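Trainee: Following this message is one structure expressed as C-alpha cells.
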Amino acid sequence: MSRQRLVLFGGTFDPVHIGHLRVALEASEFLQAPVRMIPAREPPHRAPTRAGADQRAALLRAALKGQDRLQLDTRELGRDGPSYSVDTLRDLRDEVGPEPAVVLLIGADAFAGLDRWHRWREMFELAHIGVLTRPGNNGAASPDLQTAIAGRKVKDAAALWEQASGGVVDIPVTALDISASQVRELLATGRCVRYLLPEPLIESPDLLAVYRD
Ligand code: ATP
C-alpha cells in the first residue's frame with residue numbers, strides 16, 4: 001500500500017495572492033498530493049500582520065472555493081505565541097502518527113536561511129522539505145545548512161515516498177513577482193488589485209476592507 005502524503009504550505013497570507021496559489025498548485029501537481037495552506041497566527045520574526053488571523057483565514061477560504069487540490073488548515077490559529085513550523089509539524093505528527101510522509105514547502109530564499117529557524121534540525125525528523133525553486137537566484141545555504149542537507153537531497157517526488165521524513169527535494173515553480181506587501185500598498189492607496197488576487201476576493205470587497213482603511 002502506498003504511503004499517505006501530507007503537504008503543508010505555511011505563510012502569513014496577508015492577503016493570499018495568486019503567487020501563493022500558483023506555487024501551491026504546481027507543488028501539488030509535482031507531489032501528486034493536496035496541499036494544506038496554513039495561515040500563521042503570529043508569524044515569528046516579522047512585524048504584526050495587517051489583517052487578523054481569522055480575517056486572513058476567511059480570505060483563504062474564499063480564495064480556495066470550488067477546488068480541492070489546495071485546502072485550508074487552521075491548526076496554527078488556536079495556538080498561542082509565535083507560529084513556529086517545528087511546532088506545527090510536531091502537532092501534525094501527533095495527529096497522524098509516524099507512517100505518513102509529510103512534506104513542508106518552503107520558498108528557496110527562506111530555505112537558504114533555515115538554520116536560523118527555531119529548532120530547525122528537528123524539522124528533518126518530522127518532515128521532508130520541498131524547496132520551491134524559481135529560475136534565477138534562490139539564495140545560498142550556509143555551511144551548517146549545507147552539511148545538514150548533504151545526503152538528504154532526492155531528485156524526484158517518487159524517492160520521497162520511500163520514507164516519512166528527512167528528505168529534501170527541489171520543486172521547480174513559476175516565478176510570479178507578486179508580494180502581499182505590494183497588494184497591501186495598492187489597496188491602501190485605492191488602486192486596483194485585479195489579476196493579482198484570485199477572482200473571489202475581487203468579488204468580495206468586504207473581505208478586503210481591512211486593507212483599505
Ligand atoms: P509579504 O510581502 O507580506 O512579506 P509574501 O507575499 O511574501 O508576504 P508570505 O505569506 O510571507 O507572503 O509567504 C508565504 C510563502 O509564500 C513563503 O514561503 C513565500 O516564499 C511564498 N511566496 C510569497 N510570494 C510568492 C510568489 N510570488 N511566488 C512564489 N512564492 C511566494
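Every chain in the C-alpha cells has a letter given in the order shown (A, B, ...), and although residue numbers restart at 1 in each chain, ligands are simply numbered from 1 in the order shown.
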Quick one: residues within 8 Å of segment 81-88 of chain A, only C-alpha atoms, excluding same-chain residues fewer than 6 positions away - as number ranges by chain?
Mentor: A: 10, 40-44, 75, 118-120, 122-123
Trainee: Suppose we keep N, CA and C atoms; can you now write the selection as a PDB file, in the first residue's frame?
Mentor:
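selection_18.pdb written:
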ATOM      1  N   GLY A  10       2.904  26.943   4.683  1.00  0.00           N
ATOM      2  CA  GLY A  10       2.573  27.969   5.669  1.00  0.00           C
ATOM      3  C   GLY A  10       2.941  29.359   5.173  1.00  0.00           C
ATOM      4  N   ALA A  40      -0.363  31.513   9.459  1.00  0.00           N
ATOM      5  CA  ALA A  40       0.284  31.653  10.769  1.00  0.00           C
ATOM      6  C   ALA A  40      -0.547  32.609  11.615  1.00  0.00           C
ATOM      7  N   ARG A  41      -0.756  32.240  12.870  1.00  0.00           N
ATOM      8  CA  ARG A  41      -1.496  33.148  13.758  1.00  0.00           C
ATOM      9  C   ARG A  41      -0.620  34.355  14.070  1.00  0.00           C
ATOM     10  N   GLU A  42       0.590  34.069  14.496  1.00  0.00           N
ATOM     11  CA  GLU A  42       1.526  35.131  14.877  1.00  0.00           C
ATOM     12  C   GLU A  42       2.870  34.766  14.266  1.00  0.00           C
ATOM     13  N   PRO A  43       3.175  35.289  13.066  1.00  0.00           N
ATOM     14  CA  PRO A  43       4.418  34.860  12.413  1.00  0.00           C
ATOM     15  C   PRO A  43       5.648  35.289  13.208  1.00  0.00           C
ATOM     16  N   PRO A  44       6.607  34.392  13.426  1.00  0.00           N
ATOM     17  CA  PRO A  44       7.831  34.789  14.131  1.00  0.00           C
ATOM     18  C   PRO A  44       8.667  35.721  13.260  1.00  0.00           C
ATOM     19  N   ARG A  75      -4.777  24.900  11.813  1.00  0.00           N
ATOM     20  CA  ARG A  75      -4.223  24.378  13.062  1.00  0.00           C
ATOM     21  C   ARG A  75      -3.367  25.383  13.825  1.00  0.00           C
ATOM     22  N   HIS A 118      13.643  28.289  14.412  1.00  0.00           N
ATOM     23  CA  HIS A 118      13.517  27.672  15.729  1.00  0.00           C
ATOM     24  C   HIS A 118      13.634  26.145  15.611  1.00  0.00           C
ATOM     25  N   ARG A 119      14.557  25.541  16.368  1.00  0.00           N
ATOM     26  CA  ARG A 119      14.737  24.074  16.413  1.00  0.00           C
ATOM     27  C   ARG A 119      14.723  23.432  15.026  1.00  0.00           C
ATOM     28  N   TRP A 120      15.508  24.032  14.113  1.00  0.00           N
ATOM     29  CA  TRP A 120      15.404  23.651  12.705  1.00  0.00           C
ATOM     30  C   TRP A 120      15.839  22.212  12.435  1.00  0.00           C
ATOM     31  N   GLU A 122      15.347  19.602  14.105  1.00  0.00           N
ATOM     32  CA  GLU A 122      14.256  18.668  14.421  1.00  0.00           C
ATOM     33  C   GLU A 122      13.279  18.511  13.259  1.00  0.00           C
ATOM     34  N   MET A 123      13.240  19.537  12.408  1.00  0.00           N
ATOM     35  CA  MET A 123      12.259  19.502  11.325  1.00  0.00           C
ATOM     36  C   MET A 123      12.497  18.330  10.379  1.00  0.00           C
TER      37      MET A 123
END
Trainee: Could you give me, as a PDB file with C-alpha atoms, in the first residue's frame, the residues within 9 Å of Thr174 of chain A, counting only C-alpha atoms and dropping anything in the same chain fewer than 5 positions from it?
Mentor:
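What ended up in selection_36.pdb:
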ATOM      1  CA  GLY A  19       1.751  33.967  -6.407  1.00  0.00           C
ATOM      2  CA  ARG A  22       0.069  29.198  -8.266  1.00  0.00           C
ATOM      3  CA  VAL A  23       3.157  27.783  -6.498  1.00  0.00           C
ATOM      4  CA  GLU A  26       2.366  23.495  -9.004  1.00  0.00           C
ATOM      5  CA  THR A 133      12.723  26.867  -6.602  1.00  0.00           C
ATOM      6  CA  ARG A 134      12.256  29.717  -9.051  1.00  0.00           C
ATOM      7  CA  PRO A 135      14.503  30.378 -12.047  1.00  0.00           C
TER       8      PRO A 135
END
Trainee: Once you count only C-alpha atoms and all ligand atoms, which residues end up within 7 Å of ligand 1, and could you hand them over as a CSV table (one decimal) with all heavy atoms, in the first residue's frame?
Mentor:
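Contents of pocket.csv, freshly written:
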chain,number,residue,atom,x,y,z
A,10,GLY,N,2.9,26.9,4.7
A,10,GLY,CA,2.6,28.0,5.7
A,10,GLY,C,2.9,29.4,5.2
A,10,GLY,O,3.8,29.5,4.3
A,11,GLY,N,2.3,30.4,5.8
A,11,GLY,CA,2.6,31.7,5.4
A,11,GLY,C,1.8,32.7,6.2
A,11,GLY,O,0.9,32.2,7.0
A,12,THR,N,2.0,34.0,6.0
A,12,THR,CA,1.1,34.9,6.7
A,12,THR,C,-0.1,35.1,5.9
A,12,THR,O,-1.2,35.4,6.4
A,12,THR,CB,1.8,36.2,7.0
A,12,THR,OG1,2.6,36.6,5.8
A,12,THR,CG2,2.8,36.1,8.1
A,13,PHE,N,0.0,35.1,4.5
A,13,PHE,CA,-1.2,35.2,3.6
A,13,PHE,C,-1.9,36.5,4.0
A,13,PHE,O,-3.1,36.4,4.3
A,13,PHE,CB,-2.0,34.0,3.7
A,13,PHE,CG,-1.3,32.7,3.3
A,13,PHE,CD1,-1.2,31.6,4.2
A,13,PHE,CD2,-0.6,32.5,2.1
A,13,PHE,CE1,-0.5,30.5,3.9
A,13,PHE,CE2,0.1,31.4,1.8
A,13,PHE,CZ,0.2,30.4,2.7
A,14,ASP,N,-1.3,37.6,3.9
A,14,ASP,CA,-1.8,38.9,4.4
A,14,ASP,C,-1.9,39.9,3.3
A,14,ASP,O,-1.2,40.9,3.4
A,14,ASP,CB,-1.0,39.4,5.6
A,14,ASP,CG,-1.5,40.6,6.3
A,14,ASP,OD1,-2.8,40.8,6.2
A,14,ASP,OD2,-0.8,41.4,6.9
A,16,VAL,N,-3.7,36.4,0.9
A,16,VAL,CA,-3.3,35.4,-0.1
A,16,VAL,C,-3.4,36.0,-1.5
A,16,VAL,O,-4.3,36.8,-1.8
A,16,VAL,CB,-4.2,34.2,0.1
A,16,VAL,CG1,-5.6,34.5,-0.2
A,16,VAL,CG2,-3.7,33.0,-0.8
A,19,GLY,N,0.4,34.5,-6.5
A,19,GLY,CA,1.8,34.0,-6.4
A,19,GLY,C,1.7,32.8,-5.5
A,19,GLY,O,2.2,31.7,-5.8
A,20,HIS,N,1.1,32.9,-4.3
A,20,HIS,CA,1.0,31.8,-3.4
A,20,HIS,C,0.2,30.6,-4.0
A,20,HIS,O,0.6,29.5,-3.9
A,20,HIS,CB,0.1,32.2,-2.1
A,20,HIS,CG,0.7,33.3,-1.3
A,20,HIS,ND1,0.0,34.4,-0.9
A,20,HIS,CD2,1.9,33.5,-0.7
A,20,HIS,CE1,0.7,35.2,-0.2
A,20,HIS,NE2,1.9,34.7,-0.1
A,23,VAL,N,2.1,28.7,-6.9
A,23,VAL,CA,3.2,27.8,-6.5
A,23,VAL,C,2.6,26.6,-5.7
A,23,VAL,O,3.1,25.5,-5.9
A,23,VAL,CB,4.3,28.4,-5.7
A,23,VAL,CG1,5.0,29.4,-6.5
A,23,VAL,CG2,3.8,29.0,-4.4
A,106,ILE,N,8.8,25.1,1.4
A,106,ILE,CA,9.5,26.4,1.8
A,106,ILE,C,10.0,27.1,0.6
A,106,ILE,O,10.6,26.4,-0.3
A,106,ILE,CB,10.6,26.1,2.8
A,106,ILE,CG1,10.1,25.3,4.0
A,106,ILE,CG2,11.3,27.4,3.2
A,106,ILE,CD1,11.2,25.0,5.1
A,107,GLY,N,9.8,28.3,0.4
A,107,GLY,CA,10.4,29.1,-0.7
A,107,GLY,C,12.0,29.0,-0.6
A,107,GLY,O,12.5,28.9,0.5
A,109,ASP,N,14.3,31.1,-1.1
A,109,ASP,CA,15.0,32.2,-0.3
A,109,ASP,C,15.0,31.9,1.2
A,109,ASP,O,16.0,32.0,1.9
A,109,ASP,CB,14.3,33.5,-0.5
A,109,ASP,CG,14.5,34.0,-1.9
A,109,ASP,OD1,14.9,33.2,-2.8
A,109,ASP,OD2,14.2,35.2,-2.2
A,110,ALA,N,13.8,31.5,1.6
A,110,ALA,CA,13.6,31.2,3.1
A,110,ALA,C,14.4,29.9,3.4
A,110,ALA,O,15.1,29.9,4.5
A,110,ALA,CB,12.1,31.0,3.4
A,175,ALA,N,8.0,31.7,-11.5
A,175,ALA,CA,8.2,32.9,-10.8
A,175,ALA,C,7.2,33.9,-11.1
A,175,ALA,O,7.0,34.3,-12.3
A,175,ALA,CB,9.6,33.5,-11.2
A,176,LEU,N,6.4,34.3,-10.1
A,176,LEU,CA,5.4,35.4,-10.3
A,176,LEU,C,5.8,36.5,-9.3
A,176,LEU,O,5.7,36.2,-8.1
A,176,LEU,CB,4.0,34.9,-10.0
A,176,LEU,CG,3.4,33.9,-11.0
A,176,LEU,CD1,2.1,33.4,-10.5
A,176,LEU,CD2,3.2,34.6,-12.4
A,177,ASP,N,6.3,37.6,-9.8
A,177,ASP,CA,6.8,38.6,-8.9
A,177,ASP,C,5.7,39.4,-8.2
A,177,ASP,O,5.5,40.6,-8.5
A,177,ASP,CB,7.8,39.5,-9.7
A,177,ASP,CG,8.7,40.3,-8.7
A,177,ASP,OD1,8.6,40.1,-7.5
A,177,ASP,OD2,9.4,41.2,-9.2
A,178,ILE,N,5.0,38.7,-7.3
A,178,ILE,CA,3.9,39.4,-6.6
A,178,ILE,C,4.1,39.2,-5.1
A,178,ILE,O,4.5,38.1,-4.7
A,178,ILE,CB,2.5,38.7,-6.9
A,178,ILE,CG1,2.3,38.8,-8.5
A,178,ILE,CG2,1.4,39.3,-6.2
A,178,ILE,CD1,1.2,37.9,-8.9
A,179,SER,N,3.9,40.2,-4.3
A,179,SER,CA,4.0,40.1,-2.9
A,179,SER,C,2.8,40.6,-2.2
A,179,SER,O,2.1,41.5,-2.7
A,179,SER,CB,5.3,40.8,-2.4
A,179,SER,OG,5.1,42.2,-2.5
A,180,ALA,N,2.5,40.1,-1.0
A,180,ALA,CA,1.4,40.6,-0.2
A,180,ALA,C,1.6,42.1,0.1
A,180,ALA,O,0.7,42.9,0.2
A,180,ALA,CB,1.2,39.8,1.0
A,181,SER,N,2.9,42.5,0.4
A,181,SER,CA,3.2,43.9,0.7
A,181,SER,C,2.8,44.8,-0.4
A,181,SER,O,2.2,45.8,-0.2
A,181,SER,CB,4.7,44.1,0.9
A,181,SER,OG,5.3,43.0,1.5
A,182,GLN,N,3.1,44.4,-1.7
A,182,GLN,CA,2.7,45.2,-2.8
A,182,GLN,C,1.1,45.3,-2.9
A,182,GLN,O,0.6,46.4,-3.1
A,182,GLN,CB,3.2,44.5,-4.1
A,182,GLN,CG,2.7,45.1,-5.4
A,182,GLN,CD,2.8,44.2,-6.6
A,182,GLN,OE1,3.0,43.0,-6.5
A,182,GLN,NE2,2.6,44.7,-7.8
Trainee: Under the rule that only C-alpha atoms are counted, which of A:Ala62, A:Val193, A:Ala141, A:Leu104 is the nearest residue to Val7 of chain A?
Mentor: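 Of all the options, A:Leu104 lies closest to Val7 of chain A.
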Trainee: Just how far from atom CA of Asp68 of chain A is atom CA of Asn138 of chain A, in Å to one decimal?
Mentor: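 Interatomic distance, atom CA of Asn138 of chain A to atom CA of Asp68 of chain A: 29.4 Å.
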Trainee: Taking the chain letters and numbering used in this document, name the residues of chain A that DSSP puts in helix (DSSP H, G or I), as number ranges by chain.
Mentor: A: 18-31, 53-63, 85-96, 108-112, 114-116, 120-126, 143-149, 157-160, 180-188, 199-202, 205-212
Trainee: Output as JSON lines one row per residue of segment 16-116 of chain A within 9 Å of segment 151-165 of chain A: the closest atom pair and its distance in Å to one decimal place, counting only C-alpha atoms, sorted by chain and residue number ascending.
Mentor:
{"residue": "A:Phe30", "atom": "CA", "partner": "A:Ala157", "partner_atom": "CA", "distance": 7.1}
{"residue": "A:Leu31", "atom": "CA", "partner": "A:Ala157", "partner_atom": "CA", "distance": 5.8}
{"residue": "A:Gln32", "atom": "CA", "partner": "A:Ala157", "partner_atom": "CA", "distance": 8.5}
{"residue": "A:Pro98", "atom": "CA", "partner": "A:Ala164", "partner_atom": "CA", "distance": 7.0}
{"residue": "A:Glu99", "atom": "CA", "partner": "A:Ala164", "partner_atom": "CA", "distance": 6.0}
{"residue": "A:Pro100", "atom": "CA", "partner": "A:Ala164", "partner_atom": "CA", "distance": 5.6}
{"residue": "A:Ala101", "atom": "CA", "partner": "A:Ala164", "partner_atom": "CA", "distance": 3.9}
{"residue": "A:Val102", "atom": "CA", "partner": "A:Ala164", "partner_atom": "CA", "distance": 6.3}
{"residue": "A:Val103", "atom": "CA", "partner": "A:Ser165", "partner_atom": "CA", "distance": 7.5}
Trainee: I'd like the neighbourhood of Asp170 of chain A as a PDB file with N, CA and C atoms, in the first residue's frame, where a residue qualifies if any of its atoms comes within 7 Å (using only C-alpha atoms), though same-chain residues fewer than 4 positions away should be ignored.
Mentor:
ATOM      1  N   GLY A 130      10.193  20.437   0.850  1.00  0.00           N
ATOM      2  CA  GLY A 130      10.058  20.700  -0.586  1.00  0.00           C
ATOM      3  C   GLY A 130      10.473  22.143  -0.816  1.00  0.00           C
ATOM      4  N   VAL A 131      11.572  22.345  -1.529  1.00  0.00           N
ATOM      5  CA  VAL A 131      12.105  23.701  -1.719  1.00  0.00           C
ATOM      6  C   VAL A 131      11.551  24.262  -3.027  1.00  0.00           C
ATOM      7  N   LEU A 132      10.740  25.304  -2.909  1.00  0.00           N
ATOM      8  CA  LEU A 132      10.107  25.915  -4.078  1.00  0.00           C
ATOM      9  C   LEU A 132      11.148  26.771  -4.787  1.00  0.00           C
ATOM     10  N   THR A 133      11.563  26.289  -5.947  1.00  0.00           N
ATOM     11  CA  THR A 133      12.723  26.867  -6.602  1.00  0.00           C
ATOM     12  C   THR A 133      12.282  27.616  -7.849  1.00  0.00           C
TER      13      THR A 133
END
Trainee: For segment 34-36 of chain A, work out the shell of residues within 7 Å, counting only C-alpha atoms and skipping chain neighbours fewer than 3 positions away, then give it as a list of chain:residue names.
Mentor: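 Final neighbour list, sorted by chain and number: A:Val7, A:Leu8, A:Phe9, A:Ala24, A:Ser28, A:Arg69, A:Leu70, A:Gln71, A:Leu72, A:Asp73.
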Trainee: Please indicate the distance in Å from atom CA of Asp80 of chain A to atom CA of Val183 of chain A, rounded to one decimal place.
Mentor: 27.6 Å
Trainee: Using only C-alpha atoms, can you tell me which of A:Ala140, A:Ala112, A:Ala127, A:Leu21 comes closest to Leu92 of chain A?
Mentor: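 Using only C-alpha atoms, Leu92 of chain A sits closest to A:Ala127.
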Trainee: Which parts of segment 73-182 of chain A does DSSP call strand (DSSP E or B) when run on the backbone here, written out as a PyMOL selection string?
Mentor: chain A and resi 101-107+128-133+153-154+168-172
Trainee: Using only C-alpha atoms, which residues sit within 9 Å of Pro198 of chain A once same-chain residues fewer than 3 positions away are excluded, as a PyMOL selection string?
Mentor: chain A and resi 16-18+21+63-64+194-195+201-202
Trainee: Out of A:Lys65, A:Val210, A:Pro39, A:Pro200, which residue has the shortest atom-to-atom distance to Arg79 of chain A when counting only C-alpha atoms?
Mentor: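 Answer, going by the shortest atom-to-atom distance: A:Pro39.
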Trainee: Excluding same-chain residues fewer than 5 positions from Asp115 of chain A, what lies within 8 Å of it counting only C-alpha atoms, as a PyMOL selection string?
Mentor: chain A and resi 120-121+142+144-145
Trainee: Mind writing the picked residues with N, CA, C and O atoms as a short mmCIF file (atom, residue, chain, number, x, y, z; two decimals), in the first residue's frame?
Mentor:
data_model
loop_
_atom_site.label_atom_id
_atom_site.label_comp_id
_atom_site.auth_asym_id
_atom_site.auth_seq_id
_atom_site.Cartn_x
_atom_site.Cartn_y
_atom_site.Cartn_z
N TRP A 120 15.51 24.03 14.11
CA TRP A 120 15.40 23.65 12.70
C TRP A 120 15.84 22.21 12.44
O TRP A 120 15.29 21.56 11.56
N ARG A 121 16.82 21.72 13.18
CA ARG A 121 17.30 20.36 12.89
C ARG A 121 16.22 19.30 13.13
O ARG A 121 16.17 18.28 12.46
N SER A 142 24.00 28.32 4.09
CA SER A 142 25.19 28.47 4.94
C SER A 142 25.91 27.12 5.03
O SER A 142 25.29 26.07 4.76
N ASP A 144 26.65 25.35 7.62
CA ASP A 144 25.93 24.47 8.56
C ASP A 144 24.76 23.77 7.88
O ASP A 144 24.53 22.57 8.06
N LEU A 145 24.02 24.56 7.13
CA LEU A 145 22.85 24.02 6.45
C LEU A 145 23.27 23.05 5.35
O LEU A 145 22.67 21.98 5.18
#
Trainee: When distances are computed from only C-alpha atoms, which of A:Arg93, A:Arg212, A:Ala51, A:Asp206 shows the smallest separation from Glu185 of chain A?
Mentor: A:Arg212
